[in-house]
file protein.tsv (TSV, C-alpha atoms)
chain	number	residue	atom	x	y	z
A	1	MET	CA	0.65	-26.58	7.91
A	2	MET	CA	0.42	-26.43	4.14
A	3	ILE	CA	2.16	-23.84	1.99
A	4	LEU	CA	1.44	-23.07	-1.63
A	5	VAL	CA	4.48	-22.08	-3.68
A	6	GLY	CA	4.28	-20.55	-7.12
A	7	HIS	CA	7.18	-20.18	-9.51
A	8	PRO	CA	7.52	-20.79	-13.24
A	9	CYS	CA	10.51	-23.10	-12.77
A	10	PRO	CA	9.82	-26.59	-11.29
A	11	CYS	CA	13.42	-26.88	-10.07
A	12	VAL	CA	13.03	-23.73	-7.96
A	13	LEU	CA	9.73	-25.07	-6.62
A	14	ASP	CA	11.50	-28.23	-5.46
A	15	GLY	CA	14.10	-26.16	-3.63
A	16	MET	CA	11.53	-23.93	-1.99
A	17	ALA	CA	9.46	-26.92	-0.93
A	18	ALA	CA	12.46	-28.55	0.70
A	19	ALA	CA	13.37	-25.32	2.51
A	20	PHE	CA	9.85	-24.75	3.82
A	21	LYS	CA	9.63	-28.30	5.11
A	22	ALA	CA	13.06	-28.21	6.73
A	23	ARG	CA	13.10	-24.67	8.11
A	24	LEU	CA	9.45	-23.77	8.63
A	25	GLY	CA	8.15	-27.19	9.56
A	26	ALA	CA	5.65	-27.25	6.70
A	27	ASP	CA	3.83	-30.58	6.56
A	28	ASP	CA	2.90	-30.20	2.94
A	29	VAL	CA	3.92	-27.92	0.10
A	30	VAL	CA	1.74	-27.67	-2.99
A	31	ARG	CA	3.36	-26.34	-6.16
A	32	ALA	CA	2.10	-24.20	-9.00
A	33	THR	CA	3.86	-23.03	-12.15
A	34	SER	CA	1.14	-20.68	-13.40
A	35	ARG	CA	-1.27	-18.09	-12.10
A	36	ASP	CA	-4.31	-20.25	-12.81
A	37	GLU	CA	-2.73	-23.16	-10.99
A	38	CYS	CA	-2.00	-20.92	-7.98
A	39	ILE	CA	-5.61	-19.78	-7.82
A	40	GLU	CA	-7.00	-23.28	-8.25
A	41	LEU	CA	-4.78	-24.70	-5.50
A	42	ALA	CA	-5.66	-21.81	-3.20
A	43	ALA	CA	-9.35	-22.52	-3.75
A	44	THR	CA	-9.20	-26.29	-3.43
A	45	ARG	CA	-6.41	-26.95	-0.93
A	46	HIS	CA	-6.79	-23.94	1.42
A	47	PRO	CA	-3.07	-23.53	2.27
A	48	SER	CA	-1.96	-21.58	5.34
A	49	ALA	CA	0.02	-19.22	3.11
A	50	ALA	CA	1.12	-18.75	-0.47
A	51	VAL	CA	4.63	-17.83	-1.56
A	52	VAL	CA	4.48	-16.68	-5.14
A	53	ASP	CA	7.15	-15.30	-7.43
A	54	VAL	CA	5.78	-12.44	-9.55
A	55	ASP	CA	7.19	-14.21	-12.62
A	56	VAL	CA	4.47	-16.81	-12.28
A	57	SER	CA	1.97	-14.18	-13.40
A	58	PRO	CA	3.79	-11.55	-15.45
A	59	GLY	CA	1.59	-8.50	-15.83
A	60	GLY	CA	-1.12	-10.13	-13.72
A	61	GLU	CA	0.46	-9.88	-10.28
A	62	LEU	CA	-2.25	-7.66	-8.83
A	63	GLU	CA	-5.08	-9.89	-10.02
A	64	LEU	CA	-3.30	-12.87	-8.50
A	65	CYS	CA	-2.91	-11.11	-5.15
A	66	ASP	CA	-6.59	-10.21	-5.21
A	67	ALA	CA	-7.60	-13.78	-6.06
A	68	LEU	CA	-5.51	-15.21	-3.22
A	69	ARG	CA	-7.00	-12.70	-0.80
A	70	ARG	CA	-10.51	-13.67	-1.90
A	71	HIS	CA	-9.64	-17.26	-1.06
A	72	ASP	CA	-8.35	-16.15	2.37
A	73	VAL	CA	-4.81	-17.23	1.61
A	74	PRO	CA	-2.22	-14.75	2.93
A	75	ALA	CA	0.36	-14.25	0.21
A	76	VAL	CA	4.03	-13.37	0.21
A	77	MET	CA	5.01	-12.04	-3.20
A	78	VAL	CA	8.61	-12.49	-4.29
A	79	ILE	CA	9.46	-9.40	-6.29
A	80	ARG	CA	12.23	-8.23	-8.59
A	81	SER	CA	13.68	-4.74	-8.66
A	82	GLY	CA	12.03	-2.32	-11.00
A	83	THR	CA	9.29	-4.67	-12.12
A	84	VAL	CA	6.55	-4.20	-9.56
A	85	ASN	CA	4.93	-1.41	-7.57
A	86	HIS	CA	5.37	-2.58	-3.98
A	87	LEU	CA	2.49	-0.58	-2.62
A	88	ALA	CA	0.15	-1.77	-5.36
A	89	LEU	CA	0.88	-5.39	-4.47
A	90	LEU	CA	0.10	-4.78	-0.80
A	91	GLU	CA	-3.09	-2.91	-1.67
A	92	ALA	CA	-4.11	-5.69	-4.01
A	93	GLY	CA	-3.98	-8.14	-1.14
A	94	ALA	CA	-0.41	-9.33	-0.67
A	95	GLN	CA	0.36	-9.63	3.02
A	96	GLY	CA	4.08	-9.56	2.49
A	97	ILE	CA	6.64	-8.71	-0.14
A	98	THR	CA	10.25	-9.75	-0.36
A	99	PRO	CA	12.77	-9.07	-3.10
A	100	ALA	CA	14.32	-12.14	-4.69
A	101	SER	CA	17.67	-10.52	-3.91
A	102	ASP	CA	16.99	-10.94	-0.17
A	103	GLY	CA	17.51	-14.67	-0.68
A	104	LEU	CA	16.08	-17.59	1.20
A	105	ASP	CA	16.67	-16.05	4.63
A	106	GLY	CA	14.67	-12.97	3.67
A	107	LEU	CA	11.92	-15.14	2.26
A	108	LEU	CA	11.70	-17.26	5.41
A	109	ILE	CA	11.44	-14.15	7.60
A	110	ALA	CA	8.63	-12.90	5.36
A	111	VAL	CA	6.72	-16.18	5.47
A	112	ARG	CA	7.09	-16.54	9.25
A	113	THR	CA	5.81	-12.99	9.74
A	114	VAL	CA	2.82	-13.55	7.49
A	115	LEU	CA	2.01	-16.90	9.09
A	116	GLN	CA	1.82	-15.02	12.41
A	117	GLY	CA	-0.86	-12.82	10.87
A	118	ASN	CA	1.30	-9.75	10.37
A	119	THR	CA	2.24	-7.69	7.32
A	120	TYR	CA	5.82	-7.99	6.11
A	121	VAL	CA	7.79	-5.36	4.26
A	122	PRO	CA	11.58	-5.79	4.26
A	123	PRO	CA	13.41	-3.13	6.28
A	124	HIS	CA	15.12	-1.58	3.26
A	125	LEU	CA	11.78	-1.05	1.49
A	126	LEU	CA	9.76	0.15	4.48
A	127	GLY	CA	10.54	3.86	4.03
A	128	THR	CA	9.66	3.71	0.34
A	129	VAL	CA	6.36	1.95	0.98
A	130	LEU	CA	5.39	4.36	3.78
A	131	HIS	CA	6.31	7.33	1.60
A	132	GLY	CA	4.15	5.90	-1.19
A	133	LEU	CA	1.22	5.59	1.21
A	134	ILE	CA	1.68	9.19	2.37
A	135	VAL	CA	1.84	10.56	-1.19
A	136	GLN	CA	-1.26	8.56	-2.10
A	137	ARG	CA	-3.12	9.85	0.94
A	138	ARG	CA	-2.20	13.45	0.10
A	139	SER	CA	-3.52	12.97	-3.42
A	140	LEU	CA	-6.76	11.55	-2.06
A	141	ASP	CA	-7.12	14.48	0.35
A	142	VAL	CA	-6.67	16.95	-2.51
A	143	SER	CA	-9.22	15.19	-4.70
A	144	ALA	CA	-11.63	14.91	-1.73
A	145	GLY	CA	-11.51	18.70	-1.45
A	146	ARG	CA	-12.39	18.97	-5.12
A	147	VAL	CA	-15.28	16.54	-4.78
A	148	ASP	CA	-16.58	18.67	-1.91
A	149	ARG	CA	-16.72	21.65	-4.27
A	150	LEU	CA	-19.25	19.94	-6.54
A	151	SER	CA	-22.87	21.04	-6.48
A	152	PRO	CA	-25.44	18.44	-5.37
A	153	ARG	CA	-26.42	17.84	-9.00
A	154	GLU	CA	-22.81	17.48	-10.15
A	155	ARG	CA	-22.25	15.03	-7.33
A	156	GLU	CA	-25.16	12.94	-8.58
A	157	VAL	CA	-23.73	13.03	-12.10
A	158	LEU	CA	-20.35	11.96	-10.73
A	159	GLY	CA	-21.98	9.07	-8.91
A	160	LEU	CA	-23.57	7.92	-12.14
A	161	LEU	CA	-20.26	8.25	-14.00
A	162	GLY	CA	-18.73	6.08	-11.31
A	163	ALA	CA	-21.46	3.52	-11.92
A	164	GLY	CA	-20.48	3.43	-15.60
A	165	ALA	CA	-23.28	5.54	-17.06
A	166	ASP	CA	-22.75	7.61	-20.23
A	167	TYR	CA	-24.32	11.04	-20.78
A	168	ARG	CA	-27.48	9.59	-22.34
A	169	GLU	CA	-28.03	7.26	-19.39
A	170	ILE	CA	-27.29	10.08	-16.98
A	171	ALA	CA	-29.86	12.26	-18.74
A	172	ALA	CA	-32.45	9.50	-18.55
A	173	ARG	CA	-31.73	8.70	-14.90
A	174	LEU	CA	-31.86	12.34	-13.79
A	175	VAL	CA	-34.71	13.31	-16.09
A	176	ILE	CA	-32.72	16.05	-17.81
A	177	SER	CA	-31.77	16.66	-21.42
A	178	PRO	CA	-28.62	15.05	-22.87
A	179	HIS	CA	-27.25	18.56	-23.45
A	180	THR	CA	-27.70	19.42	-19.77
A	181	ALA	CA	-26.05	16.15	-18.78
A	182	LYS	CA	-23.06	17.00	-20.97
A	183	THR	CA	-22.87	20.45	-19.38
A	184	HIS	CA	-22.84	18.96	-15.87
A	185	ILE	CA	-20.12	16.52	-16.91
A	186	HIS	CA	-18.01	19.27	-18.46
A	187	ARG	CA	-18.28	21.42	-15.32
A	188	LEU	CA	-17.49	18.62	-12.91
A	189	LEU	CA	-14.43	17.58	-14.94
A	190	GLY	CA	-13.18	21.14	-14.56
A	191	LYS	CA	-13.88	21.28	-10.84
A	192	LEU	CA	-12.21	17.92	-10.25
A	193	GLU	CA	-9.27	18.94	-12.45
A	194	VAL	CA	-9.36	15.64	-14.33
A	195	ARG	CA	-9.08	15.15	-18.07
A	196	SER	CA	-11.62	12.43	-18.76
A	197	ARG	CA	-14.81	10.80	-17.57
A	198	ILE	CA	-12.79	7.70	-16.75
A	199	GLU	CA	-10.64	9.67	-14.30
A	200	ALA	CA	-13.78	11.22	-12.83
A	201	ALA	CA	-15.33	7.77	-12.47
A	202	ALA	CA	-12.23	6.56	-10.67
A	203	LEU	CA	-12.51	9.49	-8.25
A	204	ALA	CA	-16.17	8.64	-7.66
A	205	VAL	CA	-15.20	5.12	-6.67
A	206	ALA	CA	-12.24	6.28	-4.57
A	207	HIS	CA	-14.40	8.71	-2.60
A	208	GLY	CA	-17.50	6.56	-2.36
A	209	VAL	CA	-19.70	8.86	-4.46
A	210	THR	CA	-22.54	6.62	-5.52
A	211	ALA	CA	-25.37	6.89	-8.01
A	212	PRO	CA	-28.35	8.82	-6.64
A	213	ASP	CA	-31.70	7.46	-5.63
A	214	LEU	CA	-33.93	8.16	-8.64
A	215	GLU	CA	-37.00	8.88	-6.55
A	216	VAL	CA	-35.53	11.99	-4.98
A	217	VAL	CA	-33.72	13.42	-8.00
A	218	ARG	CA	-35.34	16.39	-9.66
A	219	ASP	CA	-33.83	19.38	-11.47
B	1	MET	CA	8.18	28.92	12.53
B	2	THR	CA	7.26	27.86	16.06
B	3	GLU	CA	8.87	25.07	18.04
B	4	LYS	CA	5.63	23.10	17.83
B	5	THR	CA	5.49	23.46	14.03
B	6	ILE	CA	9.08	22.28	13.71
B	7	HIS	CA	8.30	19.18	15.73
B	8	ARG	CA	5.24	18.44	13.66
B	9	LEU	CA	7.40	18.59	10.51
B	10	PRO	CA	10.59	16.79	11.55
B	11	ARG	CA	13.59	17.17	9.29
B	12	ARG	CA	16.80	15.16	9.08
B	13	THR	CA	19.89	17.08	10.11
B	14	ASP	CA	22.74	17.46	7.67
B	15	GLY	CA	25.93	15.50	7.92
B	16	ALA	CA	24.63	12.30	9.46
B	17	ASP	CA	26.38	9.15	8.28
B	18	LEU	CA	24.09	6.16	7.74
B	19	GLN	CA	25.26	2.57	7.73
B	20	ARG	CA	22.60	0.06	6.77
B	21	PHE	CA	22.40	-3.46	8.10
B	22	PRO	CA	19.91	-6.25	7.35
B	23	GLN	CA	17.79	-5.46	10.41
B	24	GLY	CA	18.21	-1.70	10.70
B	25	ALA	CA	20.95	0.88	10.60
B	26	VAL	CA	23.43	2.86	12.63
B	27	LEU	CA	23.28	6.60	12.27
B	28	SER	CA	26.24	8.73	13.23
B	29	PRO	CA	25.27	12.36	13.75
B	30	GLY	CA	27.44	15.05	12.25
B	31	ASN	CA	27.97	16.56	15.72
B	32	ALA	CA	29.78	15.08	18.68
B	33	SER	CA	26.86	12.90	19.76
B	34	GLU	CA	27.20	9.15	19.89
B	35	ALA	CA	25.94	6.97	17.06
B	36	VAL	CA	22.39	5.72	17.37
B	37	ALA	CA	21.05	2.32	16.31
B	38	LEU	CA	17.76	2.42	14.43
B	39	ASN	CA	15.46	-0.53	14.04
B	40	PRO	CA	13.73	-0.89	10.64
B	41	THR	CA	10.71	1.17	11.62
B	42	ALA	CA	12.81	3.93	13.18
B	43	LEU	CA	14.99	3.99	10.08
B	44	ALA	CA	11.89	4.33	7.89
B	45	LEU	CA	10.66	7.19	10.10
B	46	TRP	CA	14.04	8.91	9.82
B	47	GLU	CA	13.82	8.61	6.04
B	48	LEU	CA	10.39	10.23	6.16
B	49	CYS	CA	11.73	13.23	8.10
B	50	ASP	CA	11.97	15.50	5.06
B	51	GLY	CA	10.56	18.65	6.65
B	52	HIS	CA	7.31	18.26	4.71
B	53	THR	CA	5.83	15.08	6.14
B	54	THR	CA	3.81	15.56	9.29
B	55	VAL	CA	3.82	13.25	12.28
B	56	GLU	CA	0.12	12.69	11.61
B	57	GLU	CA	0.93	11.45	8.11
B	58	MET	CA	3.52	9.06	9.52
B	59	VAL	CA	1.01	7.72	12.04
B	60	ALA	CA	-1.64	7.23	9.38
B	61	ALA	CA	0.75	5.42	7.03
B	62	ILE	CA	2.03	3.07	9.76
B	63	CYS	CA	-1.53	2.32	10.87
B	64	THR	CA	-2.62	1.61	7.30
B	65	LEU	CA	0.28	-0.66	6.52
B	66	PHE	CA	0.35	-2.66	9.72
B	67	ALA	CA	-3.29	-2.36	10.78
B	68	ILE	CA	-2.35	-1.25	14.29
B	69	ASP	CA	-4.06	0.98	16.79
B	70	SER	CA	-3.61	4.70	16.09
B	71	ALA	CA	-2.91	5.69	19.69
B	72	ARG	CA	-0.23	3.04	20.05
B	73	ALA	CA	1.35	3.98	16.73
B	74	ARG	CA	1.37	7.66	17.65
B	75	ALA	CA	2.98	6.97	21.02
B	76	ASP	CA	5.67	4.77	19.45
B	77	ILE	CA	6.39	7.26	16.70
B	78	GLU	CA	6.54	10.24	19.08
B	79	THR	CA	8.94	8.30	21.30
B	80	ALA	CA	11.17	7.32	18.37
B	81	LEU	CA	11.22	10.88	17.03
B	82	ALA	CA	12.00	12.27	20.47
B	83	GLN	CA	14.95	9.88	20.79
B	84	MET	CA	16.23	10.84	17.35
B	85	ARG	CA	15.82	14.52	18.18
B	86	ALA	CA	17.72	14.03	21.45
B	87	VAL	CA	20.78	12.67	19.66
B	88	GLY	CA	20.56	15.30	16.95
B	89	VAL	CA	19.76	13.26	13.85
B	90	ILE	CA	16.52	15.17	13.28
B	91	ARG	CA	15.29	18.58	14.30

call {"tool": "encode", "arguments": {"input": "protein.tsv", "output": "structure tokens"}}
result
Amino acid sequence: MMILVGHPCPCVLDGMAAAFKARLGADDVVRATSRDECIELAATRHPSAAVVDVDVSPGGELELCDALRRHDVPAVMVIRSGTVNHLALLEAGAQGITPASDGLDGLLIAVRTVLQGNTYVPPHLLGTVLHGLIVQRRSLDVSAGRVDRLSPREREVLGLLGAGADYREIAARLVISPHTAKTHIHRLLGKLEVRSRIEAAALAVAHGVTAPDLEVVRD
Amino acid sequence: MTEKTIHRLPRRTDGADLQRFPQGAVLSPGNASEAVALNPTALALWELCDGHTTVEEMVAAICTLFAIDSARARADIETALAQMRAVGVIR
């Protein structure tokens, strides 16, 4: 079993490597001190799991989780209080999270759990993470109701916004005037209760509203 | 509010004393009932019992997080809530 560890400090990496070999029976531990190194080792060495401190990729934790997931490497992210959105890390692909304050014992529990194919959230964070999921789901349900209120044409416009089209492209795709396209956009922003086309586009993606088939679109 | 509605929107009772431990907690009800040990998932459920969160929302969140079967999650959650209700730490 090989484990990838990521931390900006080589001394910490040495300690983690020794602990994983002694207490988890890891045969090999590969070490990375940067995000790029983590991703490269995940792609080339195919470790059984990655244990990565968020400080190895400050501001880029979510992208790192996503990259590790794309390389099929289950990741345990070592977090610090107040610096990271726990739920966002899990949604980005982390299979486990553990605060640095939980120490080595907490980390080993997390890694064992993830190596068994399960998700790990420390007991003291579980309620917070579940509450975050529930709040997020409620928000999605509310916005789904608003999407349902759109007319068929507005739904098509929303799909095109979600695909990145501006009002000129929407007009061309739907064979309508730019003025009419702007009117549809203005109305759908009101119905969705969002402030910008970017927010509307995000809702389109979240609710799977896709660009229409040109052949069947006619005003 | 009907009995069924109350049970679908469980709420923590006042006066319970919570002592946290690394792998769960012990909850002492404010009444004469004996203290109850909660594992991490039961503790999280108790924390979610705010009178606004439905059992269905709890089931969905647990299923999303742990990728487990909905029927199994619902059964486990209903059992845990029933036990908590029996000792008086939720209503």

call {"tool": "atom_distance", "arguments": {"input": "protein.tsv", "atom1": "CA of Ala71 in chain B", "atom2": "CA of Glu57 in chain B"}}
result
13.5 Å

call {"tool": "closest_atom_pairs", "arguments": {"input": "protein.tsv", "of": "chain B", "to": "chain A", "cutoff": "12 Å", "atoms": "all atoms listed in the file", "output": "tab-separated table"}}
result
residue	atom	partner	partner_atom	distance
B:Gln19	CA	A:His124	CA	11.8
B:Arg20	CA	A:His124	CA	8.4
B:Phe21	CA	A:His124	CA	8.9
B:Pro22	CA	A:Pro123	CA	7.3
B:Gln23	CA	A:Pro123	CA	6.5
B:Gly24	CA	A:Pro123	CA	6.7
B:Ala25	CA	A:Pro123	CA	9.6
B:Leu38	CA	A:Pro123	CA	10.8
B:Asn39	CA	A:Pro123	CA	8.4
B:Pro40	CA	A:Pro123	CA	4.9
B:Thr41	CA	A:Leu126	CA	7.3
B:Ala42	CA	A:Gly127	CA	9.4
B:Leu43	CA	A:Gly127	CA	7.5
B:Ala44	CA	A:Gly127	CA	4.1
B:Leu45	CA	A:Gly127	CA	6.9
B:Trp46	CA	A:Gly127	CA	8.4
B:Glu47	CA	A:Gly127	CA	6.1
B:Leu48	CA	A:Gly127	CA	6.7
B:Cys49	CA	A:Gly127	CA	10.3
B:Asp50	CA	A:His131	CA	10.5
B:His52	CA	A:Ile134	CA	10.9
B:Thr53	CA	A:Ile134	CA	8.1
B:Thr54	CA	A:Ile134	CA	9.6
B:Val55	CA	A:Ile134	CA	10.9
B:Glu56	CA	A:Ile134	CA	10.0
B:Glu57	CA	A:Ile134	CA	6.2
B:Met58	CA	A:Ile134	CA	7.4
B:Val59	CA	A:Ile134	CA	9.8
B:Ala60	CA	A:Ile134	CA	8.0
B:Ala61	CA	A:Leu130	CA	5.8
B:Ile62	CA	A:Leu130	CA	7.0
B:Cys63	CA	A:Leu130	CA	10.1
B:Thr64	CA	A:Leu133	CA	8.2
B:Leu65	CA	A:Thr119	CA	7.3
B:Phe66	CA	A:Thr119	CA	5.9
B:Ala67	CA	A:Thr119	CA	8.4
B:Ile68	CA	A:Asn118	CA	10.0

call {"tool": "atom_distance", "arguments": {"input": "protein.tsv", "atom1": "CA of Ala165 in chain A", "atom2": "CA of Val142 in chain A"}}
result
24.9 Å

call {"tool": "atom_distance", "arguments": {"input": "protein.tsv", "atom1": "CA of Ala18 in chain A", "atom2": "CA of Arg69 in chain A"}}
result
25.1 Å

call {"tool": "residues_near_point", "arguments": {"input": "protein.tsv", "point": "(-11.5, 16.3, -14.2)", "cutoff": "12 Å", "atoms": "only C-alpha atoms", "output": "ChimeraX atom specification"}}
result
/A:143,146-147,150,158,161,184-204

call {"tool": "residues_around", "arguments": {"input": "protein.tsv", "residues": "Arg168 in chain A", "least_positions_apart": "3", "cutoff": "7 Å", "atoms": "all atoms listed in the file", "output": "JSON, numbers by chain"}}
result
{"A": [171, 172, 178]}

call {"tool": "write_last_selection", "arguments": {"input": "protein.tsv", "atoms": "C-alpha atoms", "output": "PDB file, in the coordinates of the input"}}
result
ATOM      1  CA  ALA A 171     -29.860  12.260 -18.740  1.00  0.00           C
ATOM      2  CA  ALA A 172     -32.450   9.500 -18.550  1.00  0.00           C
ATOM      3  CA  PRO A 178     -28.620  15.050 -22.870  1.00  0.00           C
TER       4      PRO A 178
END
